[in-house]
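Novice: Here you go, this is protein_13.cif (mmCIF, C-alpha atoms).
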data_query
#
loop_
_atom_site.label_atom_id
_atom_site.label_comp_id
_atom_site.auth_asym_id
_atom_site.auth_seq_id
_atom_site.Cartn_x
_atom_site.Cartn_y
_atom_site.Cartn_z
CA MET J 471 35.36 10.21 53.87
CA SER J 472 32.10 8.57 54.83
CA ILE J 473 31.11 5.06 53.97
CA ILE J 474 28.37 6.31 51.62
CA GLN J 475 30.84 8.36 49.60
CA GLN J 476 33.23 5.40 49.34
CA HIS J 477 30.46 3.09 48.16
CA THR J 478 29.23 5.63 45.58
CA GLN J 479 32.69 6.18 44.13
CA ALA J 480 33.29 2.44 43.89
CA SER J 481 29.99 1.83 42.12
CA LEU J 482 30.47 4.56 39.51
CA SER J 483 32.32 2.26 37.13
CA ASP J 484 30.92 1.75 33.63
CA ALA J 485 31.27 -2.03 33.70
CA TRP J 486 27.51 -2.52 33.98
CA ARG J 487 27.05 -0.96 30.54
CA THR J 488 29.02 -3.71 28.82
CA ILE J 489 26.49 -6.42 29.71
CA ASN J 490 24.17 -7.28 26.82
CA ILE J 491 20.89 -7.81 28.63
CA ASP J 492 19.09 -8.83 25.43
CA ALA J 493 21.34 -11.88 25.13
CA LEU J 494 20.11 -13.03 28.55
CA ASP J 495 16.41 -12.54 27.78
CA PRO J 496 14.87 -15.66 26.18
CA ASP J 497 12.17 -13.56 24.51
CA SER J 498 14.64 -11.18 22.90
CA SER J 499 14.84 -10.90 19.13
CA GLN J 500 18.54 -11.79 19.34
CA ASN J 501 17.61 -15.33 20.38
CA PHE J 502 15.36 -16.18 17.43
CA ASP J 503 15.13 -15.41 13.76
CA THR J 504 12.73 -12.48 13.31
CA SER J 505 12.09 -13.43 9.69
CA THR J 506 9.96 -16.31 11.01
CA LEU J 507 7.43 -13.77 12.26
CA HIS J 508 6.31 -13.10 8.69
CA PRO J 509 5.16 -16.05 6.61
CA PRO J 510 6.75 -16.18 3.16
CA LEU J 511 4.68 -14.63 0.42
CA PRO J 512 4.41 -16.28 -2.98
CA GLU J 513 6.31 -14.58 -5.79
CA ILE J 514 3.95 -13.24 -8.43
CA GLY J 515 5.49 -12.76 -11.85
CA GLU J 516 4.55 -10.29 -14.54
CA ALA J 517 2.96 -13.04 -16.66
CA ASP J 518 0.65 -13.95 -13.75
CA VAL J 519 -0.28 -10.29 -13.28
CA ARG J 520 -1.00 -9.87 -17.01
CA GLN J 521 -3.25 -12.94 -16.94
CA LEU J 522 -5.10 -11.67 -13.85
CA ASN J 523 -5.49 -8.20 -15.37
CA ALA J 524 -6.91 -9.73 -18.56
CA GLN J 525 -9.47 -11.68 -16.52
CA VAL J 526 -10.42 -8.54 -14.59
CA ARG J 527 -10.83 -6.52 -17.79
CA GLN J 528 -12.98 -9.33 -19.23
CA LEU J 529 -15.26 -9.08 -16.19
CA LEU J 530 -15.42 -5.30 -16.65
CA ARG J 531 -16.40 -5.67 -20.32
CA GLY J 532 -19.06 -8.16 -19.27
CA GLY J 533 -20.56 -5.62 -16.86
CA ASP J 534 -19.54 -7.42 -13.66
CA SER J 535 -17.76 -4.55 -11.93
CA GLU J 536 -18.11 -6.10 -8.47
CA GLY J 537 -16.52 -9.33 -9.70
CA ALA J 538 -13.72 -7.32 -11.30
CA LEU J 539 -13.10 -5.45 -8.05
CA ARG J 540 -13.14 -8.69 -6.05
CA GLY J 541 -10.73 -10.25 -8.54
CA CYS J 542 -8.28 -7.41 -8.03
CA LEU J 543 -8.56 -7.47 -4.26
CA GLU J 544 -8.49 -11.23 -3.73
CA SER J 545 -5.06 -11.55 -5.32
CA PRO J 546 -2.98 -8.49 -4.45
CA VAL J 547 0.63 -8.36 -5.61
CA TYR J 548 2.61 -8.31 -2.37
CA ASN J 549 5.74 -10.06 -3.56
CA GLY J 550 6.58 -9.13 -7.12
CA SER J 551 8.58 -6.77 -9.25
CA ASP J 552 7.79 -3.06 -9.28
CA SER J 553 6.47 -3.30 -12.83
CA ALA J 554 4.10 -6.12 -11.82
CA LYS J 555 2.87 -4.08 -8.86
CA ASP J 556 2.39 -0.99 -11.04
CA SER J 557 0.54 -2.99 -13.67
CA HIS J 558 -1.84 -4.39 -11.08
CA MET J 559 -2.27 -0.95 -9.52
CA GLN J 560 -3.23 0.43 -12.92
CA THR J 561 -5.89 -2.27 -13.28
CA VAL J 562 -7.27 -1.54 -9.80
CA VAL J 563 -7.55 2.18 -10.63
CA GLU J 564 -9.20 1.33 -13.95
CA VAL J 565 -11.80 -0.79 -12.13
CA LEU J 566 -12.43 1.91 -9.53
CA GLN J 567 -12.89 4.56 -12.21
CA SER J 568 -15.40 2.39 -14.08
CA ILE J 569 -17.78 2.08 -11.11
CA LYS J 570 -20.48 4.73 -10.72
CA ALA J 571 -20.61 6.77 -7.52
CA SER J 572 -24.13 5.53 -6.75
CA GLU J 573 -22.90 1.92 -6.84
CA MET J 574 -19.92 2.39 -4.50
CA THR J 575 -21.54 2.07 -1.08
CA PRO J 576 -23.87 -0.88 -1.86
CA MET J 577 -21.00 -2.74 -3.51
CA LEU J 578 -18.67 -2.12 -0.58
CA GLN J 579 -21.37 -3.22 1.87
CA ARG J 580 -21.85 -6.49 -0.05
CA ILE J 581 -18.10 -7.10 -0.11
CA TYR J 582 -17.74 -6.23 3.58
CA GLY J 583 -20.63 -8.51 4.53
CA SER J 584 -19.17 -11.49 2.70
CA GLU J 585 -16.62 -13.91 4.14
CA GLY J 586 -13.20 -12.24 4.31
CA GLY J 587 -14.74 -8.91 3.33
CA SER J 588 -12.89 -6.93 5.96
CA GLU J 589 -9.54 -8.11 4.57
CA LEU J 590 -10.62 -7.23 1.03
CA LEU J 591 -11.46 -3.68 2.06
CA ASP J 592 -8.12 -3.43 3.86
CA VAL J 593 -6.40 -4.40 0.59
CA LEU J 594 -8.49 -1.79 -1.22
CA MET J 595 -7.37 0.79 1.33
CA LYS J 596 -3.73 -0.13 0.62
CA TYR J 597 -4.28 0.43 -3.10
CA LEU J 598 -6.04 3.73 -2.42
CA TYR J 599 -3.11 5.00 -0.37
CA LYS J 600 -0.61 3.81 -2.95
CA GLY J 601 -2.56 5.62 -5.65
CA MET J 602 -2.82 8.78 -3.55
CA SER J 603 0.93 8.71 -2.95
CA GLY J 604 1.42 9.13 -6.67
CA GLY J 605 1.97 5.50 -7.61
CA SER J 606 0.31 4.63 -10.93
CA LEU J 607 -2.30 7.37 -10.98
CA ALA J 608 -1.50 8.13 -14.58
CA GLY J 609 -1.32 4.50 -15.56
CA GLY J 610 1.96 3.78 -13.79
CA ARG J 611 3.99 5.70 -16.31
CA THR J 612 5.73 8.98 -15.96
CA PRO J 613 4.49 11.34 -18.63
CA THR J 614 6.92 11.97 -21.42
CA ARG J 615 7.31 15.47 -22.73
CA ASN J 616 8.04 16.26 -26.33
CA LEU J 617 10.47 19.14 -26.30
CA THR J 618 11.07 21.08 -29.48
CA PRO J 619 14.08 23.40 -29.42
CA GLN J 620 13.38 26.93 -30.52
CA ALA J 621 15.67 29.40 -32.26
CA THR J 622 15.54 31.53 -29.12
CA GLY J 623 17.19 28.79 -27.09
CA PHE J 624 14.05 27.98 -25.12
CA SER J 625 12.25 24.66 -25.35
CA GLN J 626 8.58 24.42 -26.07
CA ILE J 627 6.57 21.67 -24.44
CA GLY J 628 4.36 19.85 -26.92
CA SER J 629 1.32 19.42 -24.66
CA ARG J 630 -0.79 21.98 -22.89
CA PRO J 631 0.65 22.95 -19.49
CA GLY J 632 -1.28 21.33 -16.67
CA ALA J 633 -2.86 18.59 -18.80
CA VAL J 634 -1.05 15.89 -16.84
CA ASN J 635 -2.12 17.48 -13.57
CA GLU J 636 -5.75 17.48 -14.70
CA SER J 637 -5.74 13.73 -15.35
CA MET J 638 -3.96 13.11 -12.05
CA GLY J 639 -6.50 15.34 -10.31
CA ALA J 640 -9.38 13.36 -11.77
CA GLY J 641 -7.74 10.12 -10.64
CA MET J 642 -7.13 11.57 -7.18
CA SER J 643 -10.79 12.60 -6.96
CA VAL J 644 -11.86 9.02 -7.67
CA LEU J 645 -9.47 7.64 -5.06
CA LEU J 646 -10.62 10.12 -2.43
CA SER J 647 -14.26 9.25 -3.11
CA TRP J 648 -13.49 5.55 -2.67
CA HIS J 649 -11.50 6.30 0.50
CA GLU J 650 -14.49 8.09 2.00
CA LYS J 651 -16.83 5.21 1.14
CA VAL J 652 -14.45 2.54 2.50
CA VAL J 653 -14.12 4.41 5.81
CA ASP J 654 -17.93 4.74 5.98
CA VAL J 655 -18.38 0.99 5.51
CA ALA J 656 -15.33 -0.54 7.24
CA GLY J 657 -14.61 2.16 9.81
CA LEU J 658 -11.36 3.81 10.86
CA GLY J 659 -9.88 0.43 11.77
CA SER J 660 -9.28 -0.19 8.08
CA ILE J 661 -6.88 2.76 7.98
CA GLU J 662 -5.03 1.49 11.07
CA ARG J 663 -4.72 -2.03 9.70
CA CYS J 664 -3.49 -0.69 6.37
CA MET J 665 -0.83 1.48 8.00
CA THR J 666 0.47 -1.22 10.33
CA ASP J 667 0.45 -4.18 7.93
CA TRP J 668 3.95 -5.20 6.83
CA ARG J 669 2.71 -6.43 3.46
CA LYS J 670 2.86 -3.63 0.88
CA VAL J 671 1.18 -3.57 -2.51
#
Since I need it in another form, could you write the structure as structure tokens?

Specialist:
Amino acid sequence: MSIIQQHTQASLSDAWRTINIDALDPDSSQNFDTSTLHPPLPEIGEADVRQLNAQVRQLLRGGDSEGALRGCLESPVYNGSDSAKDSHMQTVVEVLQSIKASEMTPMLQRIYGSEGGSELLDVLMKYLYKGMSGGSLAGGRTPTRNLTPQATGFSQIGSRPGAVNESMGAGMSVLLSWHEKVVDVAGLGSIERCMTDWRKV
């Protein structure tokens, strides 16, 4: 047997696999708490969201749709209950639906040009994607169906078939229009920042 074969057979042990290299690396995540990478987010309760939504609706009634949109985007609900997030999402969709298509681009350009405007449009993009994923398009509630049993054994649905889909389709159309306008103003980077941000609305 040659010396090369002897050396190869001796070095074929699996002992090298038992060493935890990450424990030896000072930059490894095992050596520090990874939760410190994300700053703590303030908890937003349902009462705070209701108060914010009332202020936003007051701005909408007063005709200040840009102020209402800014109010929604400047205080997103990152850390709160699902019902608080859904309630705020419903208000955001309500604001978006109240703005005319001809006002979208100039409004987004004014917001983008202001201080912190890029972050506001990134928050808007997060709400658009949440709405497009089915969250709170129909007001955050799942539609209830009134079923009336028939003598034949079949159930009859009280509303017209497809009526829920029509309202969801109209909401989706609004969200897609806003998505197009946000990408036109803020660029594709807004999509990337939205997808990679750890904070979810």

Novice: What gap, in Å, lies between CA of Leu591 in chain J and CA of Ala517 in chain J?

Specialist: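 Those two atoms sit 25.4 Å apart.
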
Novice: Evaluate the PyMOL selection byres ((chain J and resi 645) around 8) on the structure here and hand back the selected residues as a ChimeraX atom specification.

Specialist: /J:566,598,601-602,641-644,646-649

Novice: Report, in Å to a single decimal, how far apart CA of Val655 in chain J and CA of Asn523 in chain J are.

Specialist: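 The value is 26.2 Å.
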
Novice: Once the PyMOL selection byres ((chain J and resi 562) around 9) has been applied to the shown file, what residues remain in the selection, as a compact mmCIF listing (two decimals) with C-alpha atoms, in the coordinates of the input?

Specialist:
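This went into out.txt:
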# COMPACT_ATOMS: atom_id res chain seq x y z
CA ASN J 523 -5.49 -8.20 -15.37
CA ALA J 538 -13.72 -7.32 -11.30
CA LEU J 539 -13.10 -5.45 -8.05
CA CYS J 542 -8.28 -7.41 -8.03
CA LEU J 543 -8.56 -7.47 -4.26
CA SER J 557 0.54 -2.99 -13.67
CA HIS J 558 -1.84 -4.39 -11.08
CA MET J 559 -2.27 -0.95 -9.52
CA GLN J 560 -3.23 0.43 -12.92
CA THR J 561 -5.89 -2.27 -13.28
CA VAL J 563 -7.55 2.18 -10.63
CA GLU J 564 -9.20 1.33 -13.95
CA VAL J 565 -11.80 -0.79 -12.13
CA LEU J 566 -12.43 1.91 -9.53
CA GLN J 567 -12.89 4.56 -12.21
CA LEU J 594 -8.49 -1.79 -1.22
CA TYR J 597 -4.28 0.43 -3.10

Novice: Got a sec to check which residues sit within 10 Å of (-12.9, -6.4, -17.4), counting all atoms listed in the file, and write them as a PyMOL selection string?

Specialist: chain J and resi 523-535+537-539+541+561+564-565+568

Novice: Name the closest residue to Arg669 in chain J among the candidates J:Gly639, J:Pro546, J:Gly515, J:Gly583; distances are taken between atoms, counting all atoms listed in the file.

Specialist: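 Of J:Gly639, J:Pro546, J:Gly515, J:Gly583, the one nearest Arg669 in chain J, counting all atoms listed in the file, is J:Pro546.
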
Novice: What does the distance between CA of Pro510 in chain J and CA of Glu589 in chain J come to in Å, to one decimal place?

Specialist: 18.2 Å

Novice: Please identify all polymer residues within 8 Å of Arg663 in chain J, counting all atoms listed in the file, omitting same-chain residues fewer than 4 positions from it, and present them as a list in words.

Specialist: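 Here the qualifying residues turn out to be Asp592, Gly659 and Asp667 of chain J.
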
Novice: Could you check the closest approach to Glu585 in chain J for each of J:Arg540, J:Gln521, J:Gly657, J:Ile569 and tell me which residue wins, using only C-alpha atoms?

Specialist: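 With only C-alpha atoms as the atom set, the closest residue is J:Arg540.
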
Novice: Just the residues within 8 Å of Cys664 in chain J, please, counting only C-alpha atoms, with nothing from its chain fewer than 3 positions along; format it as a compact mmCIF listing (two decimals) with C-alpha atoms, in the coordinates of the input.

Specialist:
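out.txt, freshly written:
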# COMPACT_ATOMS: atom_id res chain seq x y z
CA ASP J 592 -8.12 -3.43 3.86
CA VAL J 593 -6.40 -4.40 0.59
CA MET J 595 -7.37 0.79 1.33
CA LYS J 596 -3.73 -0.13 0.62
CA SER J 660 -9.28 -0.19 8.08
CA ILE J 661 -6.88 2.76 7.98
CA ASP J 667 0.45 -4.18 7.93

Novice: Which is closer to Ser572 in chain J than all the others in J:Ser588, J:Lys651, J:Glu662, J:Glu516, using all atoms listed in the file?

Specialist: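 Distance minimum relative to Ser572 in chain J lands on J:Lys651.
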
Novice: Pick the closest to Glu573 in chain J from J:Glu536, J:Ile514, J:Lys555, J:Ile489: which is it, counting all atoms listed in the file?

Specialist: J:Glu536

Novice: Step by step, work through what the PyMOL selection byres ((chain J and resi 513) around 6) selects in the shown file, and finish by giving those residues as a tab-separated table (two decimals) with C-alpha atoms, in the frame of the given file.

Specialist:
chain	number	residue	atom	x	y	z
J	512	PRO	CA	4.41	-16.28	-2.98
J	514	ILE	CA	3.95	-13.24	-8.43
J	549	ASN	CA	5.74	-10.06	-3.56
J	550	GLY	CA	6.58	-9.13	-7.12
